[in-house]
Amino acid sequence: MLQLQTIRENKERIITALKKRNIDAEPILSAILDLDEKRRSIQTELDGTLAESNKLSKEIGMLFKSGKAKEANTLKAQTAGLKDASKQLGEELNATAEALQEQLYQVPNIPHESVPTGSTDEDNEEIFREGEIPSLSDGALPHWELAKKYDIIDFELGVKVTGAGFPVYKGKGARLQRALISYFLDKNTEAGYTEVQPPLMVNEASGYGTGQLPDKEGQMYHVQADDLYLIPTAEVPITNLHRGDMVSLKDLPIKYTGYTPCFRREAGSYGAHVRGLNRLHQFDKVEVVRIEHPDNSYQALDTMVEHVKNILRELKLPYRVLRLCGGDLGFTAALTFDFEVFSTAQDRWLEISSVSNFETFQANRLKLRFKDENGKSQLAHTLNGSALALPRVLAGIMENYQTPNGIRIPEVLVPYCGFKVIE
RNA sequence: GGAGGAAUGGCAGAGUGGUCGAAUGCGGCAGUCUUGAAAACUGUUGAGGGUCACACCUCCGGGGGUUCGAAUCCCUCUUCCUCCGCCA
């Protein structure tokens with residue numbers, strides 16, 4: 001959520017910036033500023049009314065104390081009108097403030113100046129590419145075929161137990177997945193992130209805090225009986241650990257990593273691109289979250305990008321890094337880098353990580369602040385990234401490491417797996 | 001699930017109807033002292049709205065009510081603690 005003050009002072013600049021998202025923000029920003037002005041004028045009027053009745057109350061109190069009950073009762077009669085007026089003004093104020101809030105929730109984050117223009121993922125800007133794309137033999141298979149051949153992932157079983165998009169990992173497949181989780185967590189804790197195991201369900205306030213609500217209500221599983229949401233990413237519970245906090249300067253940066261299953265309804269997805277592990281309703285992910293001083297957040301973003309690069313380098317997977325264009329940028333992000341692994345057998349790139357700076361957009365909703373060098377409280381910057389999303393990494397390993405005699409295990413994972421090949 | 005108790009500023013913790021936005025301690029900040037640091041001492045220090053700046057308004061878990069006036073009384077919700085029951 002943008003700060004009102006920012007909108008008041010930079011309306012034109014925001015409109016220009018949001019054009020990168022291919023939206024014309026003029027109408028909504030004008031509506032917001034109108035509501036803001038209306039809210040303030042009601043507030044001023046209400047303040048005056050309250051000031052007057054406060055004053056009268058004090059006088060009445062003093063009159064009672066000095067035994068002048070009769071005069072006090074005369075003043076009492078005067079307060080009735082003020083009470084009605086302030087009650088009505090209070091209701092108006094609430095209605096206006098609520099309408100204003102609703103509008104503010106509709107405005108996405110301002111894209112960073114480096115965000116390229118564009119409307120779809122085809123307009124994303126490739127900024128880095130590394131790793132050799134292996135030349136596979138003629139019989140190379142996509143991962144869902146490999147999964148069946150070696151009996152390590154069973155999609156049909158998941159359909160029976162739950163439904164499509166809930167695979168069952170078996171044997172060495174399950175072990176490889178567990179190995180990847182441990183390996184990622186180890187890499188992240190080595191880099192100074194504190195490991196946490198957060199709840200897998202969150203309340204409504206948390207959903208609003210990180211921006212999943214109200215914008216992406218339909219993407220989350222909602223447990224209606226208890227009004228809780230299954231998390232679509234560990235970003236939600238982990239960032240919300242500090243909702244409402246006033247952190248001290250010396251605690252920054254705050255760095256967390258956590259492994260969680262993630263649940264997404266993925267309403268509207270279909271077709272070949274959702275085959276196998278490409279798009280699931282439940283998947284595992286290891287996430288990193290940072291809370292930063294605004295002066296350091298972009299440096300921190302670069303650090304996170306380098307960190308993920310380093311992991312992919314160790315796994316010896318061919319990958320590229322994209323700077324998301326305005327049209328593809330998430331609602332809450334100011335700047336996002338996507339990582340994609342090349343899936344040789346499918347001949348396409350698979351997104352395996354997304355690293356973003358949200359600047360104050362989430363912090364403003366979270367009321368996550370710190371005391372700065374001058375003792376003034378200001379909003380912190382929040383960032384997060386996947387390090388990494390499991391299924392597609394698994395798919396990338398299966399497809400790129402396949403041989404006619406089995407799937408080799410990347411060297412760094414062998415100690416975690418306890419075997420060198422799936423055959 | 002049953003019975004009680006509690007929720008106050010960054011933290012701890014007073015405050016039970018009228019200068020209480022709130023004592024005190026810790027922490028933070030500034031200063032004195034010191035070669036420097038620590039200790040000690042002195043001062044200062046909640047958040048939000050509003051204003052050019054004041055004034056002024058709001059906030060003592062959330063919401064509602066009583067009253068001229070509520071941190072303080074009533075209702076309700078949430079959370080936490082203690083005891084009992086049940087259970088991984």
# chains A, B, ... in the order shown; residues from 1 in each chain; ligands from 1
>>> closest_atom_pairs(of="chain A", to="chain B", cutoff="9 Å", atoms="only C-alpha atoms (C1' of nucleotides)", output="Markdown table")
| residue | atom | partner | partner_atom | distance |
| --- | --- | --- | --- | --- |
| A:Arg40 | CA | B:G50 | C1' | 8.2 |
| A:Gln43 | CA | B:C57 | C1' | 8.1 |
| A:Thr44 | CA | B:G50 | C1' | 7.5 |
| A:Leu46 | CA | B:C57 | C1' | 8.0 |
| A:Asp47 | CA | B:C57 | C1' | 4.7 |
| A:Gly48 | CA | B:C56 | C1' | 7.3 |
| A:Leu50 | CA | B:C57 | C1' | 7.3 |
| A:Ala51 | CA | B:C56 | C1' | 6.9 |
| A:Ser53 | CA | B:C68 | C1' | 8.2 |
| A:Asn54 | CA | B:G69 | C1' | 7.8 |
| A:Leu56 | CA | B:C68 | C1' | 7.3 |
| A:Ser57 | CA | B:C68 | C1' | 5.2 |
| A:Lys58 | CA | B:G18 | C1' | 6.9 |
| A:Ile60 | CA | B:C68 | C1' | 6.5 |
| A:Gly61 | CA | B:G18 | C1' | 5.6 |
| A:Met62 | CA | B:G18 | C1' | 7.9 |
| A:Ala72 | CA | B:C68 | C1' | 8.4 |
| A:Asn73 | CA | B:C68 | C1' | 8.3 |
| A:Leu75 | CA | B:C68 | C1' | 7.6 |
| A:Lys76 | CA | B:C68 | C1' | 4.9 |
| A:Ala77 | CA | B:C68 | C1' | 8.1 |
| A:Gln78 | CA | B:C68 | C1' | 8.8 |
| A:Thr79 | CA | B:C68 | C1' | 6.5 |
| A:Ala80 | CA | B:C68 | C1' | 8.6 |
| A:Met246 | CA | B:G10 | C1' | 7.0 |
| A:Val247 | CA | B:G10 | C1' | 7.9 |
| A:Ser248 | CA | B:G10 | C1' | 7.9 |
| A:Asn374 | CA | B:C29 | C1' | 8.9 |
| A:Gly375 | CA | B:C29 | C1' | 7.9 |
>>> residues_around(residues="stretch 72-76 of chain B", least_positions_apart="5", cutoff="10 Å", atoms="only C-alpha atoms (C1' of nucleotides)", output="tab-separated table (two decimals) with N, CA and C atoms (P, O5', C5', C4', C3', O3' and C1' of nucleotides), in the first residue's frame")
chain	number	residue	atom	x	y	z
B	15	G	P	-1.97	-0.13	41.28
B	15	G	O5'	-2.78	1.09	40.67
B	15	G	C5'	-2.72	2.35	41.31
B	15	G	C4'	-2.99	3.46	40.33
B	15	G	C3'	-4.38	3.45	39.68
B	15	G	O3'	-5.35	4.03	40.54
B	15	G	C1'	-2.74	3.83	38.03
B	16	U	P	-6.59	3.20	41.13
B	16	U	O5'	-7.70	4.30	41.25
B	16	U	C5'	-8.36	4.83	40.12
B	16	U	C4'	-9.68	4.09	39.87
B	16	U	C3'	-10.52	3.88	41.13
B	16	U	O3'	-11.34	5.02	41.31
B	16	U	C1'	-10.46	1.93	39.71
B	17	G	P	-12.68	5.52	41.56
B	17	G	O5'	-13.21	6.27	40.26
B	17	G	C5'	-12.65	6.10	38.98
B	17	G	C4'	-13.06	7.25	38.11
B	17	G	C3'	-13.22	8.60	38.77
B	17	G	O3'	-12.14	9.42	38.33
B	17	G	C1'	-14.90	8.21	37.13
B	63	G	P	-11.30	-0.47	17.94
B	63	G	O5'	-12.75	-1.12	17.98
B	63	G	C5'	-13.39	-1.51	16.78
B	63	G	C4'	-14.72	-2.15	17.07
B	63	G	C3'	-15.74	-1.27	17.79
B	63	G	O3'	-16.39	-0.36	16.93
B	63	G	C1'	-15.67	-3.39	18.82
B	64	G	P	-16.93	1.02	17.56
B	64	G	O5'	-18.09	0.57	18.57
B	64	G	C5'	-19.40	0.34	18.08
B	64	G	C4'	-20.27	-0.27	19.14
B	64	G	C3'	-20.79	0.65	20.22
B	64	G	O3'	-21.86	1.48	19.80
B	64	G	C1'	-20.05	-1.35	21.22
B	65	G	P	-21.97	2.95	20.47
B	65	G	O5'	-22.38	2.65	21.97
B	65	G	C5'	-23.67	2.16	22.27
B	65	G	C4'	-23.79	1.74	23.71
B	65	G	C3'	-23.84	2.86	24.75
B	65	G	O3'	-25.10	3.51	24.80
B	65	G	C1'	-22.46	1.11	25.53
B	66	U	P	-25.20	5.00	25.32
B	66	U	O5'	-24.92	4.87	26.88
B	66	U	C5'	-25.85	4.21	27.73
B	66	U	C4'	-25.38	4.27	29.16
B	66	U	C3'	-25.07	5.67	29.68
B	66	U	O3'	-26.25	6.34	30.09
B	66	U	C1'	-23.31	4.20	30.28
B	67	U	P	-26.51	7.84	29.60
B	67	U	O5'	-25.38	8.65	30.35
B	67	U	C5'	-25.36	8.72	31.77
B	67	U	C4'	-24.10	9.40	32.24
B	67	U	C3'	-23.79	10.73	31.57
B	67	U	O3'	-24.54	11.79	32.14
B	67	U	C1'	-21.82	9.41	31.67
>>> residues_around(residues="A:Trp144", least_positions_apart="5", cutoff="10 Å", atoms="only C-alpha atoms (C1' of nucleotides)", output="PDB file with all heavy atoms, in the first residue's frame")
ATOM      1  N   LYS A 149       9.001 -43.846 -14.988  1.00  0.00           N
ATOM      2  CA  LYS A 149       9.988 -44.870 -15.326  1.00  0.00           C
ATOM      3  C   LYS A 149      10.731 -45.355 -14.082  1.00  0.00           C
ATOM      4  O   LYS A 149      10.954 -46.547 -13.917  1.00  0.00           O
ATOM      5  CB  LYS A 149      10.972 -44.281 -16.340  1.00  0.00           C
ATOM      6  CG  LYS A 149      12.061 -45.243 -16.795  1.00  0.00           C
ATOM      7  CD  LYS A 149      12.933 -44.613 -17.876  1.00  0.00           C
ATOM      8  CE  LYS A 149      14.101 -45.534 -18.236  1.00  0.00           C
ATOM      9  NZ  LYS A 149      15.014 -44.858 -19.187  1.00  0.00           N
ATOM     10  N   ILE A 152       9.387 -42.601  -8.941  1.00  0.00           N
ATOM     11  CA  ILE A 152       9.772 -41.707  -7.842  1.00  0.00           C
ATOM     12  C   ILE A 152       8.728 -40.619  -7.558  1.00  0.00           C
ATOM     13  O   ILE A 152       8.756 -40.002  -6.497  1.00  0.00           O
ATOM     14  CB  ILE A 152      11.154 -41.043  -8.110  1.00  0.00           C
ATOM     15  CG1 ILE A 152      11.183 -40.389  -9.486  1.00  0.00           C
ATOM     16  CG2 ILE A 152      12.276 -42.060  -7.923  1.00  0.00           C
ATOM     17  CD1 ILE A 152      12.466 -39.633  -9.758  1.00  0.00           C
ATOM     18  N   ILE A 153       7.839 -40.378  -8.496  1.00  0.00           N
ATOM     19  CA  ILE A 153       6.722 -39.457  -8.229  1.00  0.00           C
ATOM     20  C   ILE A 153       5.473 -40.076  -8.837  1.00  0.00           C
ATOM     21  O   ILE A 153       5.493 -40.504  -9.985  1.00  0.00           O
ATOM     22  CB  ILE A 153       6.935 -38.068  -8.866  1.00  0.00           C
ATOM     23  CG1 ILE A 153       8.287 -37.477  -8.474  1.00  0.00           C
ATOM     24  CG2 ILE A 153       5.808 -37.113  -8.442  1.00  0.00           C
ATOM     25  CD1 ILE A 153       8.640 -36.221  -9.254  1.00  0.00           C
ATOM     26  N   ASP A 154       4.387 -40.119  -8.056  1.00  0.00           N
ATOM     27  CA  ASP A 154       3.160 -40.719  -8.557  1.00  0.00           C
ATOM     28  C   ASP A 154       2.045 -39.665  -8.563  1.00  0.00           C
ATOM     29  O   ASP A 154       1.554 -39.270  -7.511  1.00  0.00           O
ATOM     30  CB  ASP A 154       2.774 -41.914  -7.672  1.00  0.00           C
ATOM     31  CG  ASP A 154       1.718 -42.782  -8.350  1.00  0.00           C
ATOM     32  OD1 ASP A 154       0.827 -42.206  -9.024  1.00  0.00           O
ATOM     33  OD2 ASP A 154       1.787 -44.017  -8.198  1.00  0.00           O
ATOM     34  N   PHE A 155       1.710 -39.225  -9.744  1.00  0.00           N
ATOM     35  CA  PHE A 155       0.688 -38.179  -9.859  1.00  0.00           C
ATOM     36  C   PHE A 155      -0.720 -38.744  -9.690  1.00  0.00           C
ATOM     37  O   PHE A 155      -1.589 -38.091  -9.124  1.00  0.00           O
ATOM     38  CB  PHE A 155       0.813 -37.462 -11.206  1.00  0.00           C
ATOM     39  CG  PHE A 155       2.085 -36.669 -11.326  1.00  0.00           C
ATOM     40  CD1 PHE A 155       3.208 -37.206 -11.960  1.00  0.00           C
ATOM     41  CD2 PHE A 155       2.177 -35.403 -10.780  1.00  0.00           C
ATOM     42  CE1 PHE A 155       4.388 -36.477 -12.052  1.00  0.00           C
ATOM     43  CE2 PHE A 155       3.358 -34.674 -10.864  1.00  0.00           C
ATOM     44  CZ  PHE A 155       4.471 -35.215 -11.499  1.00  0.00           C
ATOM     45  N   ARG A 275       1.611 -29.553 -16.770  1.00  0.00           N
ATOM     46  CA  ARG A 275       1.890 -30.992 -16.661  1.00  0.00           C
ATOM     47  C   ARG A 275       2.957 -31.292 -15.632  1.00  0.00           C
ATOM     48  O   ARG A 275       3.843 -30.490 -15.385  1.00  0.00           O
ATOM     49  CB  ARG A 275       2.354 -31.519 -18.009  1.00  0.00           C
ATOM     50  CG  ARG A 275       1.253 -32.287 -18.662  1.00  0.00           C
ATOM     51  CD  ARG A 275       1.717 -33.026 -19.830  1.00  0.00           C
ATOM     52  NE  ARG A 275       1.628 -34.465 -19.580  1.00  0.00           N
ATOM     53  CZ  ARG A 275       1.792 -35.342 -20.554  1.00  0.00           C
ATOM     54  NH1 ARG A 275       2.078 -34.933 -21.774  1.00  0.00           N
ATOM     55  NH2 ARG A 275       1.697 -36.632 -20.291  1.00  0.00           N
ATOM     56  N   GLY A 276       2.886 -32.470 -15.081  1.00  0.00           N
ATOM     57  CA  GLY A 276       3.932 -32.924 -14.162  1.00  0.00           C
ATOM     58  C   GLY A 276       4.103 -31.964 -13.009  1.00  0.00           C
ATOM     59  O   GLY A 276       3.149 -31.583 -12.346  1.00  0.00           O
ATOM     60  N   LEU A 277       5.341 -31.559 -12.783  1.00  0.00           N
ATOM     61  CA  LEU A 277       5.642 -30.712 -11.641  1.00  0.00           C
ATOM     62  C   LEU A 277       5.570 -29.224 -11.977  1.00  0.00           C
ATOM     63  O   LEU A 277       5.881 -28.377 -11.147  1.00  0.00           O
ATOM     64  CB  LEU A 277       7.059 -31.024 -11.135  1.00  0.00           C
ATOM     65  CG  LEU A 277       7.308 -32.430 -10.595  1.00  0.00           C
ATOM     66  CD1 LEU A 277       8.790 -32.619 -10.323  1.00  0.00           C
ATOM     67  CD2 LEU A 277       6.503 -32.662  -9.322  1.00  0.00           C
ATOM     68  N   ASN A 278       5.182 -28.905 -13.210  1.00  0.00           N
ATOM     69  CA  ASN A 278       5.282 -27.513 -13.637  1.00  0.00           C
ATOM     70  C   ASN A 278       4.400 -26.564 -12.845  1.00  0.00           C
ATOM     71  O   ASN A 278       4.761 -25.416 -12.613  1.00  0.00           O
ATOM     72  CB  ASN A 278       4.958 -27.399 -15.124  1.00  0.00           C
ATOM     73  CG  ASN A 278       6.049 -28.026 -15.980  1.00  0.00           C
ATOM     74  OD1 ASN A 278       7.140 -28.309 -15.477  1.00  0.00           O
ATOM     75  ND2 ASN A 278       5.764 -28.251 -17.247  1.00  0.00           N
ATOM     76  N   ALA A 395      12.461 -31.045 -11.279  1.00  0.00           N
ATOM     77  CA  ALA A 395      12.228 -31.326 -12.692  1.00  0.00           C
ATOM     78  C   ALA A 395      13.491 -31.026 -13.495  1.00  0.00           C
ATOM     79  O   ALA A 395      13.892 -31.818 -14.371  1.00  0.00           O
ATOM     80  CB  ALA A 395      11.059 -30.486 -13.207  1.00  0.00           C
ATOM     81  N   MET A 398      16.078 -33.738 -12.819  1.00  0.00           N
ATOM     82  CA  MET A 398      15.696 -35.001 -13.465  1.00  0.00           C
ATOM     83  C   MET A 398      15.962 -34.955 -14.971  1.00  0.00           C
ATOM     84  O   MET A 398      16.533 -35.877 -15.542  1.00  0.00           O
ATOM     85  CB  MET A 398      14.213 -35.293 -13.197  1.00  0.00           C
ATOM     86  CG  MET A 398      13.935 -35.731 -11.757  1.00  0.00           C
ATOM     87  SD  MET A 398      12.178 -35.683 -11.329  1.00  0.00           S
ATOM     88  CE  MET A 398      11.542 -37.055 -12.295  1.00  0.00           C
ATOM     89  N   GLU A 399      15.577 -33.858 -15.574  1.00  0.00           N
ATOM     90  CA  GLU A 399      15.680 -33.798 -17.033  1.00  0.00           C
ATOM     91  C   GLU A 399      17.109 -33.556 -17.502  1.00  0.00           C
ATOM     92  O   GLU A 399      17.567 -34.164 -18.471  1.00  0.00           O
ATOM     93  CB  GLU A 399      14.740 -32.718 -17.571  1.00  0.00           C
ATOM     94  CG  GLU A 399      13.280 -33.102 -17.345  1.00  0.00           C
ATOM     95  CD  GLU A 399      12.300 -32.060 -17.848  1.00  0.00           C
ATOM     96  OE1 GLU A 399      12.739 -31.045 -18.433  1.00  0.00           O
ATOM     97  OE2 GLU A 399      11.090 -32.261 -17.647  1.00  0.00           O
TER      98      GLU A 399
END
>>> select_by_dssp(residues="stretch 379-409 of chain A", states="helix (DSSP H, G or I)", output="PyMOL selection string")
chain A and resi 390-400
>>> residues_around(residues="A:Leu18", least_positions_apart="4", cutoff="7 Å", atoms="only C-alpha atoms (C1' of nucleotides)", output="PDB file with C-alpha atoms, in the first residue's frame")
ATOM      1  CA  ILE A  14       3.260   7.950  -9.644  1.00  0.00           C
ATOM      2  CA  ASN A  22       0.031  -0.450 -18.294  1.00  0.00           C
ATOM      3  CA  ILE A  23      -2.512   1.177 -16.054  1.00  0.00           C
ATOM      4  CA  ALA A  25      -3.804   5.524 -12.341  1.00  0.00           C
ATOM      5  CA  ILE A 110       5.412   1.884  -7.864  1.00  0.00           C
ATOM      6  CA  PRO A 111       7.847   0.088 -10.179  1.00  0.00           C
TER       7      PRO A 111
END
>>> atom_distance(atom1="atom CA of A:Val196", atom2="atom CA of A:Val168")
25.1 Å
>>> select_by_dssp(residues="stretch 188-395 of chain A", states="strand (DSSP E or B)", output="ChimeraX atom specification")
/A:194-196,201-202,222-223,228-230,246-247,254-263,282-292,319-323,335-343,348-357,369-371,377-379,381-389
>>> residues_around(residues="A:Gly327", least_positions_apart="2", cutoff="6 Å", atoms="only C-alpha atoms (C1' of nucleotides)", output="list of chain:residue names")
A:Arg21, A:Gly118, A:Ser119, A:Thr120, A:Cys325, A:Leu329
>>> write_last_selection(atoms="N, CA, C and O atoms", output="PDB file, in the first residue's frame")
ATOM      1  N   ARG A  21       3.108  -0.340 -15.691  1.00  0.00           N
ATOM      2  CA  ARG A  21       2.249  -1.492 -15.424  1.00  0.00           C
ATOM      3  C   ARG A  21       1.056  -1.493 -16.368  1.00  0.00           C
ATOM      4  O   ARG A  21       0.112  -2.267 -16.180  1.00  0.00           O
ATOM      5  N   GLY A 118       6.691  -3.088 -20.757  1.00  0.00           N
ATOM      6  CA  GLY A 118       6.294  -4.340 -21.394  1.00  0.00           C
ATOM      7  C   GLY A 118       5.003  -4.829 -20.800  1.00  0.00           C
ATOM      8  O   GLY A 118       4.577  -4.348 -19.754  1.00  0.00           O
ATOM      9  N   SER A 119       4.380  -5.785 -21.507  1.00  0.00           N
ATOM     10  CA  SER A 119       3.078  -6.213 -21.030  1.00  0.00           C
ATOM     11  C   SER A 119       3.053  -7.673 -20.601  1.00  0.00           C
ATOM     12  O   SER A 119       2.295  -8.034 -19.700  1.00  0.00           O
ATOM     13  N   THR A 120       3.867  -8.531 -21.193  1.00  0.00           N
ATOM     14  CA  THR A 120       3.815  -9.946 -20.814  1.00  0.00           C
ATOM     15  C   THR A 120       5.208 -10.448 -20.449  1.00  0.00           C
ATOM     16  O   THR A 120       6.190  -9.702 -20.527  1.00  0.00           O
ATOM     17  N   CYS A 325       9.362  -7.149 -16.411  1.00  0.00           N
ATOM     18  CA  CYS A 325       8.841  -5.910 -16.980  1.00  0.00           C
ATOM     19  C   CYS A 325       7.603  -5.459 -16.205  1.00  0.00           C
ATOM     20  O   CYS A 325       7.039  -6.225 -15.412  1.00  0.00           O
ATOM     21  N   LEU A 329       5.260  -7.669 -13.463  1.00  0.00           N
ATOM     22  CA  LEU A 329       5.655  -7.412 -12.073  1.00  0.00           C
ATOM     23  C   LEU A 329       4.473  -7.622 -11.136  1.00  0.00           C
ATOM     24  O   LEU A 329       3.365  -7.188 -11.420  1.00  0.00           O
TER      25      LEU A 329
END
>>> residues_around(residues="A:Ser182", least_positions_apart="5", cutoff="10 Å", atoms="only C-alpha atoms (C1' of nucleotides)", output="list in words")
Leu176, Gln177, Lys187, Asn188, Tyr259, Val286, Leu413, Tyr416 and Cys417 of chain A
>>> closest_residue(among="A:Asp251, A:Asp328, A:Glu423, A:Asp284", to="A:Pro391", atoms="only C-alpha atoms")
A:Asp284
>>> residues_around(residues="B:G9", least_positions_apart="6", cutoff="9 Å", atoms="only C-alpha atoms (C1' of nucleotides)", output="VMD selection string")
chain B and resid 22 46 to 47 60
>>> write_last_selection(atoms="all heavy atoms", output="short mmCIF file (atom, residue, chain, number, x, y, z; two decimals), in the first residue's frame")
data_model
loop_
_atom_site.label_atom_id
_atom_site.label_comp_id
_atom_site.auth_asym_id
_atom_site.auth_seq_id
_atom_site.Cartn_x
_atom_site.Cartn_y
_atom_site.Cartn_z
P A B 22 0.69 13.19 29.84
OP1 A B 22 -0.26 14.16 30.40
OP2 A B 22 2.13 13.48 29.89
"O5'" A B 22 0.43 11.77 30.54
"C5'" A B 22 1.16 11.48 31.68
"C4'" A B 22 0.63 10.28 32.38
"O4'" A B 22 -0.51 9.71 31.71
"C3'" A B 22 1.63 9.13 32.47
"O3'" A B 22 2.54 9.33 33.53
"C2'" A B 22 0.71 7.94 32.71
"O2'" A B 22 0.33 7.86 34.06
"C1'" A B 22 -0.50 8.30 31.86
N9 A B 22 -0.45 7.68 30.53
C8 A B 22 -0.43 8.31 29.32
N7 A B 22 -0.39 7.49 28.29
C5 A B 22 -0.36 6.23 28.89
C6 A B 22 -0.32 4.94 28.36
N6 A B 22 -0.30 4.68 27.05
N1 A B 22 -0.30 3.92 29.21
C2 A B 22 -0.32 4.18 30.52
N3 A B 22 -0.38 5.34 31.15
C4 A B 22 -0.40 6.34 30.27
P G B 46 7.87 11.40 24.48
OP1 G B 46 7.04 12.52 24.02
OP2 G B 46 8.05 11.10 25.93
"O5'" G B 46 7.33 10.09 23.76
"C5'" G B 46 8.23 9.08 23.35
"C4'" G B 46 7.44 7.92 22.82
"O4'" G B 46 6.39 7.58 23.76
"C3'" G B 46 6.69 8.21 21.51
"O3'" G B 46 7.52 8.07 20.39
"C2'" G B 46 5.59 7.15 21.57
"O2'" G B 46 6.09 5.87 21.24
"C1'" G B 46 5.22 7.18 23.05
N9 G B 46 4.14 8.12 23.33
C8 G B 46 4.21 9.28 24.04
N7 G B 46 3.07 9.92 24.10
C5 G B 46 2.19 9.12 23.38
C6 G B 46 0.82 9.29 23.10
O6 G B 46 0.06 10.21 23.43
N1 G B 46 0.33 8.24 22.32
C2 G B 46 1.07 7.19 21.89
N2 G B 46 0.42 6.29 21.16
N3 G B 46 2.36 7.02 22.15
C4 G B 46 2.84 8.01 22.90
P A B 47 7.21 8.93 19.09
OP1 A B 47 8.30 8.69 18.14
OP2 A B 47 6.87 10.30 19.52
"O5'" A B 47 5.88 8.25 18.51
"C5'" A B 47 5.91 6.92 18.02
"C4'" A B 47 4.53 6.49 17.61
"O4'" A B 47 3.64 6.55 18.75
"C3'" A B 47 3.86 7.37 16.57
"O3'" A B 47 4.29 7.09 15.26
"C2'" A B 47 2.39 7.03 16.80
"O2'" A B 47 2.06 5.79 16.23
"C1'" A B 47 2.34 6.91 18.32
N9 A B 47 1.96 8.18 18.96
C8 A B 47 2.75 9.06 19.64
N7 A B 47 2.11 10.10 20.10
C5 A B 47 0.81 9.90 19.69
C6 A B 47 -0.38 10.64 19.86
N6 A B 47 -0.43 11.80 20.51
N1 A B 47 -1.51 10.15 19.32
C2 A B 47 -1.46 8.99 18.65
N3 A B 47 -0.41 8.20 18.43
C4 A B 47 0.70 8.71 18.98
P C B 60 -7.31 3.60 24.15
OP1 C B 60 -8.17 2.40 24.28
OP2 C B 60 -7.77 4.88 24.68
"O5'" C B 60 -5.86 3.28 24.73
"C5'" C B 60 -5.15 2.08 24.36
"C4'" C B 60 -4.49 1.50 25.58
"O4'" C B 60 -3.93 2.59 26.33
"C3'" C B 60 -5.45 0.75 26.51
"O3'" C B 60 -4.97 -0.56 26.69
"C2'" C B 60 -5.46 1.55 27.81
"O2'" C B 60 -5.29 0.69 28.91
"C1'" C B 60 -4.21 2.42 27.69
N1 C B 60 -4.38 3.75 28.31
C2 C B 60 -4.05 3.91 29.65
O2 C B 60 -3.66 2.92 30.28
N3 C B 60 -4.17 5.13 30.21
C4 C B 60 -4.60 6.15 29.50
N4 C B 60 -4.70 7.32 30.11
C5 C B 60 -4.95 6.01 28.13
C6 C B 60 -4.83 4.81 27.57
#
>>> atom_distance(atom1="atom CA of A:Asp295", atom2="atom CA of A:Glu373")
11.8 Å
